[in-house]
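> The structure that follows is given in the form of structure tokens.
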Amino acid sequence: MGAKIVTKIVTHISTLGPAIWQAIRAASASRTSRVLVGCAVIAVAFDFVFFTGYYASDDREYLLAAHQMAGYAEDFTVGLASVRLGFSLPNALVYWLCDGTVIGLSWFMCCYHVALVFLAFFIGRLVHGETTGLVAAFLVAIHPLFYMYAGAILPDNATAVWLAIALLLLEVMRKRHRALPDQPSDKPIAPLTRLRFYGGAGLVLGLAYSCKEVGLVMAVPVAVVVIATNPRQPLRWLQNGGFAIAGLVFFIALEALLLRVLAEDWVSHLDVVDQHGGTFMEYAQRQGTMPWARLRFAMLQSIEPLVTHTGLLYLVALAVYLLLRHRSMGLILFCWWPFLYLTIGTTSLSSYVPPTIQNRYYAVAILPAAVMVAHVLRIAHAHISVRWQTLSSRHKLLPAAGFTVLCAIAATAVIYKEASHNLRYAGTIYLAPMVRGFEDAYWRVRNRHPEIPIVVSQGLRWRMAHWFLPTPPQDVYLGSQLWPEQRMPEPPYVFLEDVRYYRPDNYDQTWQTSTGNCARFLFETHASTSRYYTIRDALVGLFRISPAPRFGGSYRSSVAVLVEPRNQSACPPMPQQRQPVFPLVGHYGQIDLHFRANSSLITWDSGEAYYLQLFDDASYQQPPAHKNSRLQSPSQRIRIHVPFRTESAAPVKLVITGFGYTADGFVHRARSVDVGDPGDGWAEIELDSEDAIHSFRVRIAVIPGDAGVLELFETTAEPLT
Amino acid sequence: MMSSVERRALVLLIALAFALDFLFYTGLFASDDTSYLYAARYLGGDRTHSFPPSLTNARLGINIPNAIFYWLTGGDVSWVAWGNCLYHLGLVALAFAIGRLLYDGLSGLVAAGIVATSPIFYVFAGAILPDNAVALWLALSLLCLLLAHRRTGNNLALYVAAGACIGVSYTCKETGLIMIVPAGVAVVLSAPFLRSSQWFVRGVALVAGLALVVAIEVLWLRCLTGEWVWRLSLVKEFEGHVGDLSHSQGYWPWERIPFAISELARYAPVVTSVLVIAAIVHAIRPGRNQQLLLFFWWPALYLTIGSAGFTSYNPPPIAPRYYAIMWMPGAVIVAREAVHLCRQLTRLSAWPKWLTAPLLLVSLTIASSWVEVQHNHQRAGNIYRASQVRSFVAAYEYARAEYPDLPIMLGPEFRNRMTTLFFPRAPADVYVHSYLSGRQTPPPAPPYIYLIEADGEYGAEGELLSSARKITEISAAPSRWHFIADTVGWLFGGDRPRPRLDSDQARATAVFLVPAAEDRQR
């Protein structure tokens with residue numbers, strides 16, 4: 001008997017392989033499937049390059065919620081993240097499956113982007129045909145608002161997925177109604193089918209709301225679409241609306257029950273949101289209160305920095321779509337309604353409280369927009385290629401196929417430009433640069449001093465504690481409420497601090513005088529913050545064995561201090577001057593740039609007087625957040641003195657731009673300096689302004705000629721009479 | 001014409017071979033390749049130093065392609081090493097061509113699969129070494145002979161080409177010359193012996209091709225070195241060193257044959273056994289191919305129990321990579337026998353229908369290659385002194401990152417071996433070697449960073465100053481397997497560590513700092 005069962009199982013398994021293979025072959029035989037899979041691969045590639053991982057901001061709460069829901073902690077903290085069950089529960093499952101690794105959860109987030117690609121195809125195909133679906137899938141795969149945040153624990157892409165599913169269900173029903181124009185009124189689509197689809201749409205809408213509260217405002221477009229599907233049959237749309245509401249209410253009730261079980265108390269989702277509402281109110285107010293100001297802010301300051309090249313195309317195509325005869329109301333509403341709500345809507349019904357504008361929030365509107373744009377592009381291409389065919393046969397121009405190739409090349413160029421423009425932000429969202437600096441310092445200490453415990457500074461620990469989930473190593477002290485049982489180790493230990501908070505004087509007082517310990521500065525790390533440069537470095541490392549050229553990019557630093565018990569003798573003095581304080585070494589191509597600054601003159605406190613910007617190749621040094629160097633006495637005319645030394649054998653061109661800041665704005669002037677011979681040099685820039693200049697800064701762009709070393713010294717400014 | 005399935009499978013196998021080459025890529029290993037790189041640099045147009053008539057300089061067959069890569073990449077040593085991977089890829093294509101020519105597409109693909117996944121090729125593919133190049137040229141020679149044999153007529157051009165290919169293989173490495181014997185025998189066997197002069201004419205064509213290449217080589221070397229260079233006389237310079245090594249590997253055939261098999265099995269335990277069995281079976285089975293057998297057994301026997309001298313018995317040293325020249329014909333033999341066996345098996349009534357001969361062969365190839373990759377993974381990028389190179393690069397990068405302002409001076413061992421890493425020009429603040437920089441620059445004044453091998457043969461005496469302070473000792477992971485695993489982990493793990501420098505196979509390098517000028521004491 002047993003042998004029979006085993007034989008059956010083996011036979012089934014042996015037939016399973018060919019069956020799967022057949023299925024894959026059948027799918028891959030279709031060109032559409034291959035293009036669609038290609039789009040998904042493109043999306044994954046973008047997600048890989050722009051992957052963020054842990055970024056020590058909002059994700060801390062989501063991580064904690066997943067940690068608690070996965071059963072790694074006994075308590076359940078009620079917070080904004082933990083009530084967003086639609087987002088946190090799948091996270092908890094993945095967290096549990098990955099055995100509590102943060103990174104696994106971050107990669108799981110990319111699945112939402114891939115799902116959006118497929119959903120765009122299905123919606124596009126359903127509404128406007130297969131070609132539109134494929135183009136929409138491609139547009140979704142390459143949209144910066146998706147890939148930029150795909151590899152970070154954020155709920156926006158997840159919300160977009162659930163809303164897209166709701167839209168798909170509604171569009172399916174709309175299509176079915178249209179397909180049956182002559183159906184007798186007493187023989188409509190079966191109620192069970194309508195319950196399944198409309199109830200499903202309501203349920204999915206509830207899921208979207210459970211990921212992020214903006215999902216709830218989408219009840220309005222859902223209601224309009226339900227009505228518009230059967231506008232002349234009030235009973236029918238009332239019934240359908242009832243199904244949708246039932247679905248939504250069912251999910252909300254389910255969510256409340258689940259929260260009751262988890263929190264052991266009744267928790268109102270919206271109440272929790274309301275408690276957090278005040279946090280961003282000031283921020284939202286600063287983005288403008290008048291609709292026009294807020295629209296301007298959203299378009300130009302929030303979305304435009306990422307969607308640089310395709311933004312205008314979207315705007316034009318969306319406007320054109322409104323004029324088309326076969327437009328879809330569902331698409332229009334699911335795109336414009338959240339866009340308008342997130343820009344000029346209100347989060348309160350009693351007074352006008354605009355929501356905070358952040359570009360990633362608009363992810364919920366992108367998918368319908370992509371489908372509409374895809375449709376407009378398809379129609380435009382069809383029209384133009386017909387005209388082109390006529391023209392080309394008349395004037396012997398390029399054939400239509402050639403025209404299509406030209407269009408494809410132009411589109412690739414635009415996409416490439418946009419992606420390469422955004423590469424500088426790859427993996428740098430929110431506080432990710434700080435995390436990179438910390439990781440660098442932490443692993444360096446682990447490698448160099450494996451036997452010494454680590455104490456994470458107070459400034460870092462509340463941001464970085466979640467990085468150590470589910471359990472920190474025994475010899476790492478975080479002082480976090482997550483692990484109250486941890487005890488501060490006795491010296492010697494290594495103290496990790498963010499470079500911005502590092503003050504030798506503070507450590508003198510804190511560690512040497514009062515605690516009776518000695519502190520010794522160990523090192524300062526510099527981690528490349530942009531994933532683009534990380535990947536480039538890694539790829540070069542895989543293909544090279546000789547010392548590889550390190551590519552530039554922003555760096556973030558952390559500091560390690562060794563704290564030891566005081567001996568009989570006095571402690572050695574801590575370095576009063578970090579040497580070098582800002583040793584940014586940017587390598588690009590064959591130029592080596594060594595930045596040094598004297599800490600007594602230019603420190604992080606008083607602001608950097610210069611930063612590096614390499615251009616022409618999209619290799620851009622993002623300036624660190626800085627204050628300007630303040631002048632001792634404000635003046636209407638100042639002269640900025642920029643000394644430098646070059647060891648370059650070949651000419652290097654410096655473009656030095658001085659900025660002078662007044663109460664109302666700033667003035668600036670640029671100067672180009674050709675540095676030919678090695679040695680000391682300087683550049684002077686005079687600035688005039690009607691108002692008094694109170695502070696200044698300098699930007700230096702280096703146009704590399706050949707290998708060389710450029711050293712910059714303290715930049716000074718003097719008032720002129 | 002190749003079928004589309006064959007074409008796709010061949011592309012896949014070439015991609016697989018490249019993937020393995022990538023995994024096992026070595027780059028500079030600071031041994032023989034240093035000399036080849038100097039030659040490539042000279043031939044690539046950089047005449048900073050002279051071109052003495054040494055054995056490595058005289059091997060124009062590999063120096064010229066290396067020089068082309070050097071010139072194309074602006075003197076990038078890594079890319080010169082990558083260029084050497086092309087020999088392995090070419091061998092895959094040739095194995096397919098020969099297998100298909102002699103038997104059928106499936107045999108060709110199996111032969112190509114064996115060549116693609118043989119550690120004898122891929123472990124050394126990404127290093128500047130002549131063995132894969134010799135194997136490629138000899139495989140081309142075999143192909144020419146087989147084509148000539150299959151076509152009607154004299155096909156003298158093909159015999160000239162076969163001879164020329166043997167000549168080019170000789171310009172890569174002297175071992176190539178011995179293959180004139182099996183080629184000559186193949187020519188004699190190709191024509192009715194004593195009944196016509198066909199074999200004689202073909203033999204003359206074969207020798208003419210060889211002579212032509214040798215003559216060009218001699219003339220070229222005359223132009224480069226300014227003197228007449230006879231390469232076989234240069235080999236004698238190494239006889240003492242090599243002789244000691246080969247004698248330590250055994251003197252009598254019954255000592256040397258097991259030693260050779262054990263050495264080969266260290267790299268390719270599965271394929272070596274299969275190869276030996278298949279070659280014996282093929283020799284005794286009807287329908288054997290004489291050319292294949294000659295091109296397999298002759299180098300196998302020569303490299304194991306042959307003699308490098310005519311006056312006395314000087315067995316050549318046994319090293320697995322030397323056997324690359326017999327591996328390709330061996331792979332075709334294995335393919336032939338394996339396909340035959342599998343077809344016989346699948347005809348059995350009890351055999352499951354779904355397990356077809358191609359599926360069985362693909363499964364077996366995958367299984368054996370997986371075993372061998374696992375067996376060799378510690379060797380990935382770790383041949384000869386590659387570990388020393390890794391530790392040096394790690395120490396150098398550490399010094400650059402931590403002390404960007406200080407010049408770097410290389411210790412004598414590093415100066416000797418690592419200079420080529422800095423081709424085409426060393427940075428101004430790195431004191432490597434006057435030979436490299438082309439001018440007699442004085443060593444930097446302290447303070448500077450001094451990089452030496454932690455357990456090097458050369459002590460620090462006479463080089464370091466009394467105030468020298470040890471900064472750190474760097475351990476580098478020489479195995480590319482670890483390095484790739486770390487790098488991939490790093491790329492996928494936003495919150496995971498950077499590539500670690502330590503591993504169980506690390507070699508250490510010490511970094512010293514000489515802090516004060518006034519302490520300089522020689």
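We label chains A, B, ... in the order they appear in the structure tokens, count residues from 1 in each chain, and number ligands from 1 in the order shown.
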Give me, as a tab-separated table (two decimals) with N, CA and C atoms, in the first residue's frame, all polymer residues having an atom no more than 8 Å from Phe51 (chain B), counting only C-alpha atoms and skipping those fewer than 5 positions away in the same chain.


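Once everything was written out, this is result-v1.tsv:
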chain	number	residue	atom	x	y	z
B	39	ALA	N	56.20	42.12	-20.95
B	39	ALA	CA	56.29	41.92	-22.40
B	39	ALA	C	55.11	42.59	-23.10
B	42	TYR	N	55.56	46.27	-23.26
B	42	TYR	CA	56.53	46.69	-24.28
B	42	TYR	C	55.91	46.61	-25.67
B	57	ASN	N	59.40	36.62	-22.51
B	57	ASN	CA	59.31	37.64	-23.56
B	57	ASN	C	59.21	37.00	-24.94
B	224	LEU	N	62.88	42.66	-32.25
B	224	LEU	CA	62.56	43.18	-30.91
B	224	LEU	C	63.79	43.22	-30.00
B	225	THR	N	64.58	42.19	-30.05
B	225	THR	CA	65.68	42.09	-29.08
B	225	THR	C	67.01	42.51	-29.66

> Which residues come within 9 Å of Leu36 (chain A), counting only C-alpha atoms, excluding same-chain residues fewer than 3 positions away, as number ranges by chain?

A: 31-33, 39-41, 117-118, 121, 134, 137-138

> Which parts of region 127-189 of chain A does DSSP call helix (DSSP H, G or I) when run on the backbone here, written out as a ChimeraX atom specification?

/A:127-128,130-141,144-150,156-179

> Convert the current residue selection to file output with C-alpha atoms, as a PDB file, in the first residue's frame.


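Final output, part_30.pdb:
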ATOM      1  CA  VAL A 127     -10.039  49.175 -20.579  1.00  0.00           C
ATOM      2  CA  HIS A 128      -8.122  50.023 -23.749  1.00  0.00           C
ATOM      3  CA  GLU A 130      -3.451  44.814 -24.936  1.00  0.00           C
ATOM      4  CA  THR A 131      -0.991  47.339 -26.361  1.00  0.00           C
ATOM      5  CA  THR A 132      -2.138  49.978 -23.908  1.00  0.00           C
ATOM      6  CA  GLY A 133      -1.752  47.437 -21.107  1.00  0.00           C
ATOM      7  CA  LEU A 134       1.814  46.674 -22.079  1.00  0.00           C
ATOM      8  CA  VAL A 135       2.788  50.308 -22.421  1.00  0.00           C
ATOM      9  CA  ALA A 136       1.152  51.058 -19.057  1.00  0.00           C
ATOM     10  CA  ALA A 137       3.047  48.187 -17.440  1.00  0.00           C
ATOM     11  CA  PHE A 138       6.275  49.608 -18.802  1.00  0.00           C
ATOM     12  CA  LEU A 139       5.436  53.121 -17.612  1.00  0.00           C
ATOM     13  CA  VAL A 140       4.735  51.785 -14.133  1.00  0.00           C
ATOM     14  CA  ALA A 141       7.993  49.802 -14.128  1.00  0.00           C
ATOM     15  CA  PRO A 144      10.499  57.128 -10.240  1.00  0.00           C
ATOM     16  CA  LEU A 145       7.787  57.480  -7.606  1.00  0.00           C
ATOM     17  CA  PHE A 146       7.519  53.693  -7.497  1.00  0.00           C
ATOM     18  CA  TYR A 147      11.121  52.579  -7.758  1.00  0.00           C
ATOM     19  CA  MET A 148      12.548  55.269  -5.524  1.00  0.00           C
ATOM     20  CA  TYR A 149      10.619  53.991  -2.515  1.00  0.00           C
ATOM     21  CA  ALA A 150      10.139  50.359  -3.580  1.00  0.00           C
ATOM     22  CA  ASP A 156       2.457  53.942  -0.340  1.00  0.00           C
ATOM     23  CA  ASN A 157       3.120  51.298  -2.965  1.00  0.00           C
ATOM     24  CA  ALA A 158       1.076  48.780  -0.982  1.00  0.00           C
ATOM     25  CA  THR A 159      -1.868  51.204  -0.892  1.00  0.00           C
ATOM     26  CA  ALA A 160      -1.494  51.737  -4.616  1.00  0.00           C
ATOM     27  CA  VAL A 161      -1.682  47.977  -5.168  1.00  0.00           C
ATOM     28  CA  TRP A 162      -4.948  47.570  -3.240  1.00  0.00           C
ATOM     29  CA  LEU A 163      -6.504  50.581  -4.910  1.00  0.00           C
ATOM     30  CA  ALA A 164      -5.496  49.233  -8.299  1.00  0.00           C
ATOM     31  CA  ILE A 165      -7.180  45.929  -7.479  1.00  0.00           C
ATOM     32  CA  ALA A 166     -10.326  47.810  -6.469  1.00  0.00           C
ATOM     33  CA  LEU A 167     -10.226  49.686  -9.768  1.00  0.00           C
ATOM     34  CA  LEU A 168      -9.718  46.453 -11.670  1.00  0.00           C
ATOM     35  CA  LEU A 169     -12.766  44.857 -10.031  1.00  0.00           C
ATOM     36  CA  LEU A 170     -14.892  47.887 -10.802  1.00  0.00           C
ATOM     37  CA  GLU A 171     -13.707  47.990 -14.401  1.00  0.00           C
ATOM     38  CA  VAL A 172     -14.478  44.301 -14.828  1.00  0.00           C
ATOM     39  CA  MET A 173     -18.046  44.911 -13.754  1.00  0.00           C
ATOM     40  CA  ARG A 174     -18.341  47.966 -15.952  1.00  0.00           C
ATOM     41  CA  LYS A 175     -17.140  45.970 -18.900  1.00  0.00           C
ATOM     42  CA  ARG A 176     -19.656  43.216 -18.174  1.00  0.00           C
ATOM     43  CA  HIS A 177     -22.510  45.674 -17.969  1.00  0.00           C
ATOM     44  CA  ARG A 178     -21.472  47.156 -21.284  1.00  0.00           C
ATOM     45  CA  ALA A 179     -21.196  43.763 -22.869  1.00  0.00           C
TER      46      ALA A 179
END

> Show me, as a list in words, the residues of chain A whose atoms get within 7 Å of chain B, using only C-alpha atoms for the distance check.

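That gives the following set of residues: Thr52, Gly53, Tyr54, Ile103, Glu439, Trp443, Ile535, Ala538, Arg544, Ile545, Ser546 and Pro547 of chain A.
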
> Just how far from CA of Cys172 (chain B) is CA of Arg47 (chain B), in Å to one decimal?

22.1 Å

> Measuring between only C-alpha atoms, which one of A:Phe339, A:Val373, A:Arg325, A:Gly288 shows the shortest distance to Leu312 (chain A)?

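Closest candidate: A:Val373.
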
> Just list the residues in region 385-530 of chain A DSSP gives strand (DSSP E) on the backbone, as a list in words.

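Answer for region 385-530 of chain A, restricted to strand (DSSP E): Ile454, Val455, Val456, Val476, Tyr477, Tyr493, Val494, Phe495, Leu496, Glu497, Asp498, Asn517, Cys518, Ala519, Arg520, Phe521, Leu522, Phe523, Glu524, Thr525, His526, Ala527 and Ser528 of chain A.
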
> Which of these, A:Ala43, A:Ala401, A:Leu431, A:Val220, has the shortest distance to Ala115 (chain A) once you count only C-alpha atoms?

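That would be A:Ala43, the residue with the smallest distance to Ala115 (chain A).
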
> Write out as an mmCIF file with C-alpha atoms, in the first residue's frame each polymer residue whose atoms come within 9 Å of Ile114 (chain B), counting only C-alpha atoms; drop sequence neighbours fewer than 6 positions from it.


data_model
loop_
_atom_site.group_PDB
_atom_site.id
_atom_site.type_symbol
_atom_site.label_atom_id
_atom_site.label_comp_id
_atom_site.auth_asym_id
_atom_site.auth_seq_id
_atom_site.Cartn_x
_atom_site.Cartn_y
_atom_site.Cartn_z
ATOM 1 C CA VAL B 92 34.044 25.498 -25.955
ATOM 2 C CA ALA B 95 34.810 21.258 -28.887
ATOM 3 C CA VAL B 271 36.067 14.274 -15.297
ATOM 4 C CA MET B 328 39.655 19.080 -25.472
ATOM 5 C CA ALA B 331 36.178 15.806 -24.011
ATOM 6 C CA VAL B 332 35.113 14.838 -27.533
ATOM 7 C CA VAL B 334 34.000 11.306 -23.583
ATOM 8 C CA ALA B 335 31.090 12.902 -25.406
ATOM 9 C CA THR B 365 26.986 17.170 -16.885
ATOM 10 C CA SER B 369 30.212 20.199 -12.906
#

> Measure the distance from CA of Leu119 (chain A) to CA of Val37 (chain A) in Å and round it to one decimal.

12.5 Å

> In Å, rounded to a single decimal, give me how far CA of Thr529 (chain A) is from CA of Ala426 (chain A).

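Atom-to-atom, CA of Ala426 (chain A) to CA of Thr529 (chain A), that is 8.5 Å.
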
> Calculated over only C-alpha atoms, which of the candidates A:Gly200, A:Gln474, A:Val49, A:Val642 has the smallest distance to Met488 (chain A)?

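Distance minimum relative to Met488 (chain A) lands on A:Gln474.
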
> Name the residues in contact with Ala293 (chain A) at a cut-off of 12 Å, using only C-alpha atoms, excluding same-chain residues fewer than 6 positions from it; report them as a tab-separated table (two decimals) with C-alpha atoms, in the first residue's frame.


chain	number	residue	atom	x	y	z
A	284	ALA	CA	1.73	71.14	5.76
A	285	GLN	CA	0.99	74.78	6.50
A	286	ARG	CA	4.47	75.76	5.31
A	287	GLN	CA	3.74	74.12	1.98
A	299	MET	CA	4.29	69.99	-8.96
A	300	LEU	CA	7.52	71.92	-8.82
A	301	GLN	CA	9.05	71.14	-5.46
A	343	THR	CA	-2.66	68.50	-2.79
A	344	ILE	CA	-5.57	70.73	-1.91
A	354	PRO	CA	-4.43	70.44	4.20
A	357	ILE	CA	2.67	67.06	0.50
